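**Student:** Sharing final.json here; it has JSON, C-alpha atoms.
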[["chain", "number", "residue", "atom", "x", "y", "z"],
["A", 1, "MET", "CA", 59.74, 17.25, -24.66],
["A", 2, "GLY", "CA", 60.85, 15.98, -28.06],
["A", 3, "ILE", "CA", 59.16, 18.75, -29.99],
["A", 4, "LEU", "CA", 61.65, 21.30, -28.65],
["A", 5, "ARG", "CA", 64.56, 19.19, -29.85],
["A", 6, "SER", "CA", 62.88, 19.08, -33.27],
["A", 7, "ILE", "CA", 62.67, 22.88, -33.35],
["A", 8, "GLY", "CA", 66.18, 23.40, -32.01],
["A", 9, "LEU", "CA", 67.85, 26.37, -30.39],
["A", 10, "ASN", "CA", 68.80, 28.13, -33.63],
["A", 11, "LYS", "CA", 65.19, 28.36, -34.80],
["A", 12, "ILE", "CA", 64.11, 29.73, -31.43],
["A", 13, "LEU", "CA", 66.83, 32.37, -31.64],
["A", 14, "ASP", "CA", 65.39, 33.36, -35.04],
["A", 15, "ILE", "CA", 61.87, 33.39, -33.60],
["A", 16, "GLU", "CA", 62.98, 35.85, -30.93],
["A", 17, "LEU", "CA", 63.63, 38.36, -33.69],
["A", 18, "ILE", "CA", 59.88, 38.58, -34.42],
["A", 19, "ASP", "CA", 58.91, 39.08, -30.78],
["A", 20, "PRO", "CA", 57.17, 42.49, -30.61],
["A", 21, "GLN", "CA", 58.93, 43.15, -27.30],
["A", 22, "PHE", "CA", 62.30, 42.62, -28.99],
["A", 23, "ILE", "CA", 61.30, 44.80, -31.95],
["A", 24, "TYR", "CA", 60.29, 47.68, -29.68],
["A", 25, "ILE", "CA", 63.51, 47.35, -27.72],
["A", 26, "LYS", "CA", 65.40, 47.41, -31.00],
["A", 27, "THR", "CA", 63.79, 50.73, -31.93],
["A", 28, "LEU", "CA", 65.07, 52.11, -28.64],
["A", 29, "THR", "CA", 68.67, 51.36, -29.62],
["A", 30, "LYS", "CA", 68.52, 54.12, -32.24],
["A", 31, "GLY", "CA", 68.43, 56.76, -29.53],
["A", 32, "CYS", "CA", 69.73, 55.02, -26.42],
["A", 33, "GLU", "CA", 72.40, 52.71, -27.89],
["A", 34, "LEU", "CA", 74.31, 50.95, -25.07],
["A", 35, "LEU", "CA", 71.87, 52.13, -22.43],
["A", 36, "THR", "CA", 69.06, 50.18, -24.10],
["A", 37, "PRO", "CA", 69.74, 46.87, -22.30],
["A", 38, "LEU", "CA", 69.92, 48.64, -18.93],
["A", 39, "LEU", "CA", 66.66, 50.53, -19.49],
["A", 40, "SER", "CA", 64.99, 47.34, -20.74],
["A", 41, "TYR", "CA", 66.19, 45.48, -17.65],
["A", 42, "LEU", "CA", 64.82, 48.18, -15.33],
["A", 43, "ASN", "CA", 61.52, 48.33, -17.18],
["A", 44, "ALA", "CA", 61.11, 44.55, -16.86],
["A", 45, "LEU", "CA", 61.40, 44.84, -13.07],
["A", 46, "ILE", "CA", 58.23, 46.94, -13.00],
["A", 47, "SER", "CA", 56.36, 45.06, -15.76],
["A", 48, "TYR", "CA", 53.67, 43.36, -13.73],
["A", 49, "ARG", "CA", 49.97, 43.94, -13.01],
["A", 50, "LEU", "CA", 49.67, 45.63, -16.39],
["A", 51, "ASN", "CA", 46.28, 46.74, -17.64],
["A", 52, "CYS", "CA", 47.02, 46.06, -21.32],
["A", 53, "LYS", "CA", 48.90, 43.44, -23.33],
["A", 54, "GLY", "CA", 52.61, 43.14, -22.66],
["A", 55, "GLU", "CA", 53.64, 44.05, -26.20],
["A", 56, "LEU", "CA", 51.59, 47.26, -26.02],
["A", 57, "TYR", "CA", 53.33, 48.21, -22.82],
["A", 58, "TRP", "CA", 56.78, 47.68, -24.35],
["A", 59, "TYR", "CA", 55.74, 49.79, -27.33],
["A", 60, "GLU", "CA", 54.69, 52.51, -24.91],
["A", 61, "PHE", "CA", 58.01, 52.22, -23.05],
["A", 62, "SER", "CA", 60.06, 52.42, -26.25],
["A", 63, "GLN", "CA", 58.09, 55.34, -27.66],
["A", 64, "TYR", "CA", 58.31, 57.33, -24.44],
["A", 65, "PHE", "CA", 62.06, 57.04, -23.99],
["A", 66, "ARG", "CA", 62.64, 57.85, -27.64],
["A", 67, "SER", "CA", 60.20, 60.75, -27.92],
["A", 68, "VAL", "CA", 61.42, 62.72, -24.92],
["A", 69, "ASN", "CA", 65.05, 62.12, -25.93],
["A", 70, "LEU", "CA", 66.09, 61.29, -22.39],
["A", 71, "CYS", "CA", 68.95, 59.04, -23.45],
["A", 72, "SER", "CA", 70.89, 61.99, -24.84],
["A", 73, "LYS", "CA", 71.28, 63.21, -21.26],
["A", 74, "TYR", "CA", 72.91, 60.02, -20.06],
["A", 75, "THR", "CA", 76.53, 58.99, -20.10],
["A", 76, "LEU", "CA", 78.05, 55.53, -19.73],
["A", 77, "ASN", "CA", 79.54, 56.72, -16.43],
["A", 78, "LEU", "CA", 76.73, 56.01, -13.98],
["A", 79, "THR", "CA", 77.31, 58.82, -11.49],
["A", 80, "THR", "CA", 74.79, 59.64, -8.77],
["A", 81, "ASP", "CA", 73.37, 62.36, -10.98],
["A", 82, "VAL", "CA", 72.86, 59.96, -13.88],
["A", 83, "LYS", "CA", 71.25, 57.37, -11.58],
["A", 84, "ASP", "CA", 68.85, 60.04, -10.34],
["A", 85, "ARG", "CA", 67.96, 61.04, -13.88],
["A", 86, "ILE", "CA", 67.28, 57.43, -14.82],
["A", 87, "PHE", "CA", 65.02, 57.00, -11.78],
["A", 88, "ASN", "CA", 63.23, 60.28, -12.49],
["A", 89, "SER", "CA", 62.74, 59.22, -16.10],
["A", 90, "PHE", "CA", 60.93, 56.05, -15.01],
["A", 91, "SER", "CA", 58.95, 58.04, -12.46],
["A", 92, "MET", "CA", 57.75, 60.41, -15.20],
["A", 93, "PHE", "CA", 57.08, 57.51, -17.55],
["A", 94, "LEU", "CA", 54.82, 55.74, -15.06],
["A", 95, "LYS", "CA", 52.86, 58.95, -14.53],
["A", 96, "VAL", "CA", 51.83, 59.01, -18.20],
["A", 97, "SER", "CA", 51.75, 55.27, -18.89],
["A", 98, "LYS", "CA", 48.34, 53.94, -19.91],
["A", 99, "CYS", "CA", 49.41, 50.33, -19.43],
["A", 100, "ASN", "CA", 51.15, 50.42, -16.06],
["A", 101, "LYS", "CA", 48.92, 52.16, -13.56],
["A", 102, "ALA", "CA", 48.72, 49.75, -10.61],
["A", 103, "GLY", "CA", 51.03, 50.02, -7.61],
["A", 104, "VAL", "CA", 53.24, 52.73, -9.10],
["A", 105, "GLN", "CA", 54.88, 53.69, -5.80],
["A", 106, "ILE", "CA", 55.70, 50.06, -4.98],
["A", 107, "LYS", "CA", 57.24, 49.65, -8.42],
["A", 108, "LEU", "CA", 59.34, 52.78, -8.02],
["A", 109, "LYS", "CA", 60.47, 51.49, -4.64],
["A", 110, "ARG", "CA", 61.77, 48.39, -6.41],
["A", 111, "LEU", "CA", 63.90, 50.59, -8.64],
["A", 112, "THR", "CA", 65.31, 52.48, -5.65],
["A", 113, "LYS", "CA", 66.60, 49.15, -4.30],
["A", 114, "ILE", "CA", 68.50, 48.60, -7.55],
["A", 115, "LEU", "CA", 69.98, 52.11, -7.85],
["A", 116, "PRO", "CA", 72.82, 51.58, -5.32],
["A", 117, "ILE", "CA", 74.13, 48.65, -7.39],
["A", 118, "LEU", "CA", 73.32, 50.07, -10.82],
["A", 119, "LYS", "CA", 77.00, 50.17, -11.82],
["A", 120, "PRO", "CA", 77.66, 46.44, -11.17],
["A", 121, "ILE", "CA", 74.29, 45.68, -12.76],
["A", 122, "TYR", "CA", 75.28, 47.60, -15.88],
["A", 123, "ASP", "CA", 78.74, 46.03, -15.94],
["A", 124, "SER", "CA", 77.17, 42.57, -15.70],
["A", 125, "ILE", "CA", 74.88, 43.34, -18.63],
["A", 126, "LEU", "CA", 77.62, 44.69, -20.90],
["A", 127, "SER", "CA", 79.92, 41.77, -20.05],
["A", 128, "LYS", "CA", 77.02, 39.35, -20.70],
["A", 129, "ASP", "CA", 77.42, 37.87, -17.22],
["A", 130, "PHE", "CA", 73.76, 36.91, -16.90],
["A", 131, "LEU", "CA", 74.28, 34.72, -13.85],
["A", 132, "ARG", "CA", 75.82, 37.62, -11.92],
["A", 133, "LEU", "CA", 73.04, 39.92, -13.13],
["A", 134, "TRP", "CA", 70.43, 37.42, -11.93],
["A", 135, "LYS", "CA", 72.06, 37.01, -8.52],
["A", 136, "LEU", "CA", 72.58, 40.75, -8.00],
["A", 137, "THR", "CA", 68.93, 41.34, -8.82],
["A", 138, "TYR", "CA", 67.26, 38.83, -6.53],
["A", 139, "GLU", "CA", 69.67, 39.56, -3.68],
["A", 140, "SER", "CA", 69.14, 43.32, -3.96],
["A", 141, "LEU", "CA", 65.35, 42.94, -4.08],
["A", 142, "ARG", "CA", 65.47, 40.29, -1.34],
["A", 143, "THR", "CA", 63.21, 38.01, -3.28],
["A", 144, "ARG", "CA", 63.25, 34.44, -4.58],
["A", 145, "PRO", "CA", 65.70, 33.59, -7.38],
["A", 146, "GLU", "CA", 62.79, 32.21, -9.43],
["A", 147, "SER", "CA", 60.71, 35.39, -9.01],
["A", 148, "LYS", "CA", 58.95, 36.09, -12.30],
["A", 149, "THR", "CA", 60.06, 39.69, -12.78],
["A", 150, "VAL", "CA", 63.62, 38.92, -11.69],
["A", 151, "VAL", "CA", 64.20, 36.29, -14.37],
["A", 152, "PHE", "CA", 62.18, 38.32, -16.88],
["A", 153, "SER", "CA", 64.49, 41.30, -16.28],
["A", 154, "VAL", "CA", 67.47, 39.14, -17.26],
["A", 155, "LYS", "CA", 65.67, 38.12, -20.44],
["A", 156, "MET", "CA", 64.92, 41.72, -21.36],
["A", 157, "ALA", "CA", 68.54, 42.74, -20.70],
["A", 158, "TYR", "CA", 69.48, 39.94, -23.13],
["A", 159, "TYR", "CA", 66.97, 41.30, -25.66],
["A", 160, "GLY", "CA", 68.58, 44.71, -25.30],
["A", 161, "LEU", "CA", 71.99, 43.26, -26.00],
["A", 162, "LYS", "CA", 70.68, 41.19, -28.89],
["A", 163, "ALA", "CA", 69.08, 44.30, -30.38],
["A", 164, "LEU", "CA", 72.57, 45.85, -30.56],
["A", 165, "ARG", "CA", 73.56, 42.97, -32.89],
["A", 166, "GLN", "CA", 77.17, 42.60, -31.74],
["A", 167, "TYR", "CA", 75.95, 40.84, -28.60],
["A", 168, "LEU", "CA", 74.80, 37.30, -29.28],
["A", 169, "ALA", "CA", 75.51, 35.35, -26.07],
["A", 170, "LEU", "CA", 73.07, 32.63, -25.01],
["A", 171, "LEU", "CA", 71.25, 32.75, -21.72],
["A", 172, "PRO", "CA", 72.44, 30.29, -19.05],
["A", 173, "MET", "CA", 70.69, 27.01, -18.31],
["A", 174, "ASP", "CA", 70.63, 27.87, -14.61],
["A", 175, "ILE", "CA", 68.21, 30.80, -14.91],
["A", 176, "PRO", "CA", 64.62, 29.50, -14.70],
["A", 177, "ILE", "CA", 61.62, 30.22, -16.86],
["A", 178, "PRO", "CA", 59.36, 33.07, -15.62],
["A", 179, "VAL", "CA", 56.26, 31.36, -14.28],
["A", 180, "ASP", "CA", 53.18, 33.37, -15.23],
["A", 181, "ILE", "CA", 49.64, 32.23, -15.99],
["A", 182, "ARG", "CA", 50.65, 31.28, -19.54],
["A", 183, "ILE", "CA", 53.45, 28.96, -18.38],
["A", 184, "ALA", "CA", 51.26, 27.49, -15.64],
["A", 185, "LYS", "CA", 48.57, 26.67, -18.22],
["A", 186, "VAL", "CA", 51.00, 25.13, -20.71],
["A", 187, "THR", "CA", 52.50, 23.01, -17.95],
["A", 188, "TYR", "CA", 49.08, 21.83, -16.80],
["A", 189, "TYR", "CA", 47.31, 21.25, -20.12],
["A", 190, "SER", "CA", 50.35, 19.56, -21.68],
["A", 191, "GLY", "CA", 50.24, 16.95, -18.92],
["A", 192, "LEU", "CA", 53.83, 17.57, -17.89],
["A", 193, "LEU", "CA", 52.92, 16.99, -14.23],
["A", 194, "ILE", "CA", 50.65, 14.35, -12.74],
["A", 195, "GLY", "CA", 48.51, 15.35, -9.79],
["A", 196, "PRO", "CA", 47.49, 19.01, -10.08],
["A", 197, "LYS", "CA", 43.75, 19.51, -10.52],
["A", 198, "SER", "CA", 44.03, 22.90, -12.21],
["A", 199, "TRP", "CA", 46.62, 25.26, -13.64],
["A", 200, "ARG", "CA", 46.00, 27.54, -10.66],
["A", 201, "GLU", "CA", 47.69, 24.99, -8.40],
["A", 202, "LEU", "CA", 50.80, 25.28, -10.54],
["A", 203, "TYR", "CA", 50.65, 29.06, -10.67],
["A", 204, "VAL", "CA", 51.13, 29.21, -6.90],
["A", 205, "ASN", "CA", 53.70, 26.37, -6.83],
["A", 206, "VAL", "CA", 56.37, 28.10, -8.86],
["A", 207, "LYS", "CA", 59.25, 25.80, -7.91],
["A", 208, "VAL", "CA", 57.38, 22.73, -9.17],
["A", 209, "VAL", "CA", 56.89, 24.38, -12.55],
["A", 210, "VAL", "CA", 60.46, 25.67, -12.64],
["A", 211, "ASN", "CA", 61.82, 22.19, -11.95],
["A", 212, "VAL", "CA", 59.91, 20.53, -14.78],
["A", 213, "TRP", "CA", 61.00, 23.18, -17.30],
["A", 214, "ASN", "CA", 64.59, 22.97, -16.07],
["A", 215, "GLU", "CA", 64.49, 19.26, -16.85],
["A", 216, "ILE", "CA", 62.98, 19.93, -20.29],
["A", 217, "ALA", "CA", 65.68, 22.52, -20.93],
["A", 218, "CYS", "CA", 68.43, 20.02, -20.14],
["A", 219, "LEU", "CA", 66.86, 17.32, -22.33],
["A", 220, "SER", "CA", 66.36, 19.68, -25.27],
["A", 221, "SER", "CA", 69.63, 21.65, -24.76],
["A", 222, "ILE", "CA", 67.59, 24.87, -24.90],
["A", 223, "PRO", "CA", 67.88, 27.27, -21.91],
["A", 224, "PRO", "CA", 64.59, 27.95, -20.10],
["A", 225, "LEU", "CA", 64.46, 31.65, -20.96],
["A", 226, "HIS", "CA", 64.78, 30.84, -24.66],
["A", 227, "ILE", "CA", 61.98, 28.28, -24.32],
["A", 228, "ASP", "CA", 59.93, 31.08, -22.77],
["A", 229, "SER", "CA", 60.34, 33.16, -25.93],
["A", 230, "LEU", "CA", 58.77, 30.40, -28.00],
["A", 231, "ILE", "CA", 55.86, 29.83, -25.61],
["A", 232, "TRP", "CA", 55.24, 33.56, -25.35],
["A", 233, "LEU", "CA", 54.90, 33.99, -29.12],
["A", 234, "LEU", "CA", 53.00, 30.85, -30.15],
["A", 235, "PRO", "CA", 49.55, 32.09, -28.99],
["A", 236, "ASN", "CA", 49.99, 35.39, -30.87],
["A", 237, "LYS", "CA", 47.73, 34.95, -33.91],
["A", 238, "SER", "CA", 49.17, 38.02, -35.64],
["A", 239, "LEU", "CA", 52.54, 36.21, -35.79],
["A", 240, "ARG", "CA", 51.17, 32.91, -37.06],
["A", 241, "ASN", "CA", 52.29, 33.41, -40.67],
["A", 242, "LYS", "CA", 55.82, 34.39, -39.63],
["A", 243, "LEU", "CA", 56.00, 31.38, -37.31],
["A", 244, "ARG", "CA", 54.81, 29.19, -40.17],
["A", 245, "GLU", "CA", 57.61, 30.54, -42.36],
["A", 246, "LEU", "CA", 60.21, 29.83, -39.68],
["A", 247, "LEU", "CA", 58.97, 26.43, -38.53],
["A", 248, "GLY", "CA", 56.98, 25.07, -41.44],
["A", 249, "GLU", "CA", 53.31, 24.12, -41.30],
["A", 250, "GLU", "CA", 53.77, 20.60, -39.93],
["A", 251, "LEU", "CA", 56.18, 21.52, -37.13],
["A", 252, "LEU", "CA", 54.10, 24.54, -36.13],
["A", 253, "ARG", "CA", 50.96, 22.42, -35.84],
["A", 254, "LYS", "CA", 52.82, 19.80, -33.84],
["A", 255, "VAL", "CA", 54.26, 22.26, -31.32],
["A", 256, "MET", "CA", 50.88, 24.01, -31.00],
["A", 257, "ARG", "CA", 49.28, 20.65, -30.24],
["A", 258, "GLU", "CA", 51.92, 19.31, -27.86],
["A", 259, "LEU", "CA", 52.05, 22.55, -25.85],
["A", 260, "SER", "CA", 48.22, 22.84, -25.84],
["A", 261, "ILE", "CA", 48.46, 26.42, -27.07],
["A", 262, "ASP", "CA", 44.74, 26.52, -27.90],
["A", 263, "MET", "CA", 44.04, 26.19, -24.17],
["A", 264, "LEU", "CA", 45.75, 29.52, -23.40],
["A", 265, "SER", "CA", 42.88, 31.70, -24.58]]
Would you put the structure from the file into structure tokens?
**Tutor:**
Amino acid sequence: MGILRSIGLNKILDIELIDPQFIYIKTLTKGCELLTPLLSYLNALISYRLNCKGELYWYEFSQYFRSVNLCSKYTLNLTTDVKDRIFNSFSMFLKVSKCNKAGVQIKLKRLTKILPILKPIYDSILSKDFLRLWKLTYESLRTRPESKTVVFSVKMAYYGLKALRQYLALLPMDIPIPVDIRIAKVTYYSGLLIGPKSWRELYVNVKVVVNVWNEIACLSSIPPLHIDSLIWLLPNKSLRNKLRELLGEELLRKVMRELSIDMLS
């Protein structure tokens, strides 16, 4: 997709800075510092079947962990006691969350599967070894490598690191784009695949969608998870002026047209 080459990786990295999810994670760094990427990673693992917009949920997450000052109780040494406090913090958060009410016990069970390997997970995040983080996650959860929340958790760990400013590593090409309804629709309405009769066919055929975006990533030299940041933000009308400033009117119109963003509503 030539339009992504026209935008370029550097502009997409700048666009990530206006992502509300990134901004809310950045506010968390003021109280949680180096624990921010770990908490963001864990929150991403339970960020599905939400009953409000994603950015509202991440605002809620950031505000909760800041307001109750839980991070002051943590240390960088992830002992059993600290792991338990982190788990209990998420358990309490989900009890009061207005955006994440469905399947709470199942979501907490996901976190219990991660707790035994929390130290290598945290080490992978701080060393920016995103491939190891990805592998540890899907193997621990015993799920597909392309699972939406698995790859999304890597992206949110990256956002947490980026919010700390001194961490500016790129995400690997090997980690696929998280296939949600939005990505399925863009793939379908943009005509990237011939054959499917609706976007719903693509939504349940994740590997087909992953493969086409992997190819686009290679051709554009932009990793799939960074492409996801752009596609996530383009439909957000409240960001339209900021996107226009970063991309220019002509390029913004072109990318909106080529990605069929108007079809996402």
**Student:** Write out as a list in words which residues come within 12 Å of A:Gly103 when counting all atoms listed in the file, dropping same-chain ones fewer than 3 positions away.
**Tutor:**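 Here the answer would be Ile46, Ser47, Tyr48, Arg49, Leu50, Asn51, Leu94, Lys95, Cys99, Asn100, Ile106, Lys107, Leu108, Lys109 and Arg110 of chain A.
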**Student:** Please indicate the distance in Å from atom CA of A:Ser220 to atom CA of A:Arg5, rounded to one decimal place.
**Tutor:** 4.9 Å
**Student:** Between A:Leu111, A:Val186, A:Trp199, A:Gln63, which residue has the minimum interatomic distance to A:Trp213, considering all atoms listed in the file?
**Tutor:** A:Val186
**Student:** Near A:Leu39, within 9 Å and counting all atoms listed in the file, which residues show up once chain neighbours fewer than 4 positions away are dropped, as a ChimeraX atom specification?
**Tutor:** /A:32,35,43-44,86,157,160
**Student:** Can you tell me, as a VMD selection string, what residues are no more than 12 Å from A:Met156 when counting all atoms listed in the file, ignoring any on the same chain fewer than 3 positions away?
**Tutor:** chain A and resid 16 19 21 to 26 36 to 47 58 125 130 133 to 134 149 to 153 159 to 163 171 178 225 to 226 228 to 229
**Student:** Enter the distance from atom CA of A:Ile3 to atom CA of A:Arg240, in Å, rounded to one decimal.
**Tutor:**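 Taking atom CA of A:Ile3 and atom CA of A:Arg240, their separation equals 17.7 Å.
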**Student:** Assuming 6 Å of padding per side, give the centre and edge lengths of the axis-aligned box around every listed atom of stretch 86-91 of chain A, in Å to one decimal and as AutoDock Vina command-line options.
**Tutor:**
--center_x 63.1 --center_y 58.2 --center_z -13.9 --size_x 20.3 --size_y 16.2 --size_z 16.3
**Student:** Give the answer as one residue: which of A:Leu233, A:Ile261, A:Ile121, A:Ile222 has the shortest atom-to-atom distance to A:Leu4, using all atoms listed in the file?
**Tutor:**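 Result for the nearest residue to A:Leu4: A:Ile222.
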**Student:** Would you kindly place N, CA and C atoms on stretch 221-244 of chain A and return the model as an mmCIF file, in the coordinates of the input?
**Tutor:**
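What landed in out_34.cif:
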data_model
loop_
_atom_site.group_PDB
_atom_site.id
_atom_site.type_symbol
_atom_site.label_atom_id
_atom_site.label_comp_id
_atom_site.auth_asym_id
_atom_site.auth_seq_id
_atom_site.Cartn_x
_atom_site.Cartn_y
_atom_site.Cartn_z
ATOM 1 N N SER A 221 68.458 20.784 -24.603
ATOM 2 C CA SER A 221 69.630 21.650 -24.760
ATOM 3 C C SER A 221 69.249 23.086 -25.138
ATOM 4 N N ILE A 222 68.070 23.507 -24.665
ATOM 5 C CA ILE A 222 67.590 24.870 -24.900
ATOM 6 C C ILE A 222 67.342 25.534 -23.541
ATOM 7 N N PRO A 223 68.065 26.598 -23.199
ATOM 8 C CA PRO A 223 67.880 27.270 -21.910
ATOM 9 C C PRO A 223 66.440 27.701 -21.675
ATOM 10 N N PRO A 224 65.985 27.647 -20.414
ATOM 11 C CA PRO A 224 64.590 27.950 -20.100
ATOM 12 C C PRO A 224 64.095 29.303 -20.608
ATOM 13 N N LEU A 225 64.921 30.340 -20.519
ATOM 14 C CA LEU A 225 64.460 31.650 -20.960
ATOM 15 C C LEU A 225 64.280 31.734 -22.468
ATOM 16 N N HIS A 226 65.001 30.907 -23.215
ATOM 17 C CA HIS A 226 64.780 30.840 -24.660
ATOM 18 C C HIS A 226 63.511 30.050 -24.974
ATOM 19 N N ILE A 227 63.239 29.015 -24.181
ATOM 20 C CA ILE A 227 61.980 28.280 -24.320
ATOM 21 C C ILE A 227 60.803 29.233 -24.071
ATOM 22 N N ASP A 228 60.971 30.111 -23.097
ATOM 23 C CA ASP A 228 59.930 31.080 -22.770
ATOM 24 C C ASP A 228 59.585 31.955 -23.966
ATOM 25 N N SER A 229 60.599 32.336 -24.740
ATOM 26 C CA SER A 229 60.340 33.160 -25.930
ATOM 27 C C SER A 229 59.397 32.464 -26.892
ATOM 28 N N LEU A 230 59.628 31.170 -27.098
ATOM 29 C CA LEU A 230 58.770 30.400 -28.000
ATOM 30 C C LEU A 230 57.344 30.329 -27.468
ATOM 31 N N ILE A 231 57.195 29.986 -26.194
ATOM 32 C CA ILE A 231 55.860 29.830 -25.610
ATOM 33 C C ILE A 231 55.124 31.161 -25.574
ATOM 34 N N TRP A 232 55.864 32.236 -25.385
ATOM 35 C CA TRP A 232 55.240 33.560 -25.350
ATOM 36 C C TRP A 232 54.631 33.929 -26.699
ATOM 37 N N LEU A 233 55.307 33.533 -27.785
ATOM 38 C CA LEU A 233 54.900 33.990 -29.120
ATOM 39 C C LEU A 233 53.891 33.074 -29.797
ATOM 40 N N LEU A 234 53.879 31.795 -29.458
ATOM 41 C CA LEU A 234 53.000 30.850 -30.150
ATOM 42 C C LEU A 234 51.509 31.231 -30.111
ATOM 43 N N PRO A 235 50.984 31.755 -29.001
ATOM 44 C CA PRO A 235 49.550 32.090 -28.990
ATOM 45 C C PRO A 235 49.208 33.363 -29.764
ATOM 46 N N ASN A 236 50.214 34.116 -30.186
ATOM 47 C CA ASN A 236 49.990 35.390 -30.870
ATOM 48 C C ASN A 236 49.562 35.141 -32.317
ATOM 49 N N LYS A 237 48.269 35.261 -32.583
ATOM 50 C CA LYS A 237 47.730 34.950 -33.910
ATOM 51 C C LYS A 237 48.285 35.865 -35.000
ATOM 52 N N SER A 238 48.645 37.087 -34.644
ATOM 53 C CA SER A 238 49.170 38.020 -35.640
ATOM 54 C C SER A 238 50.552 37.588 -36.136
ATOM 55 N N LEU A 239 51.209 36.689 -35.396
ATOM 56 C CA LEU A 239 52.540 36.210 -35.790
ATOM 57 C C LEU A 239 52.490 34.831 -36.450
ATOM 58 N N ARG A 240 51.311 34.295 -36.594
ATOM 59 C CA ARG A 240 51.170 32.910 -37.060
ATOM 60 C C ARG A 240 51.834 32.673 -38.416
ATOM 61 N N ASN A 241 51.681 33.596 -39.358
ATOM 62 C CA ASN A 241 52.290 33.410 -40.670
ATOM 63 C C ASN A 241 53.816 33.423 -40.601
ATOM 64 N N LYS A 242 54.357 34.324 -39.786
ATOM 65 C CA LYS A 242 55.820 34.390 -39.630
ATOM 66 C C LYS A 242 56.343 33.124 -38.952
ATOM 67 N N LEU A 243 55.603 32.626 -37.969
ATOM 68 C CA LEU A 243 56.000 31.380 -37.310
ATOM 69 C C LEU A 243 55.932 30.208 -38.276
ATOM 70 N N ARG A 244 54.943 30.249 -39.161
ATOM 71 C CA ARG A 244 54.810 29.190 -40.170
ATOM 72 C C ARG A 244 55.999 29.211 -41.135
#
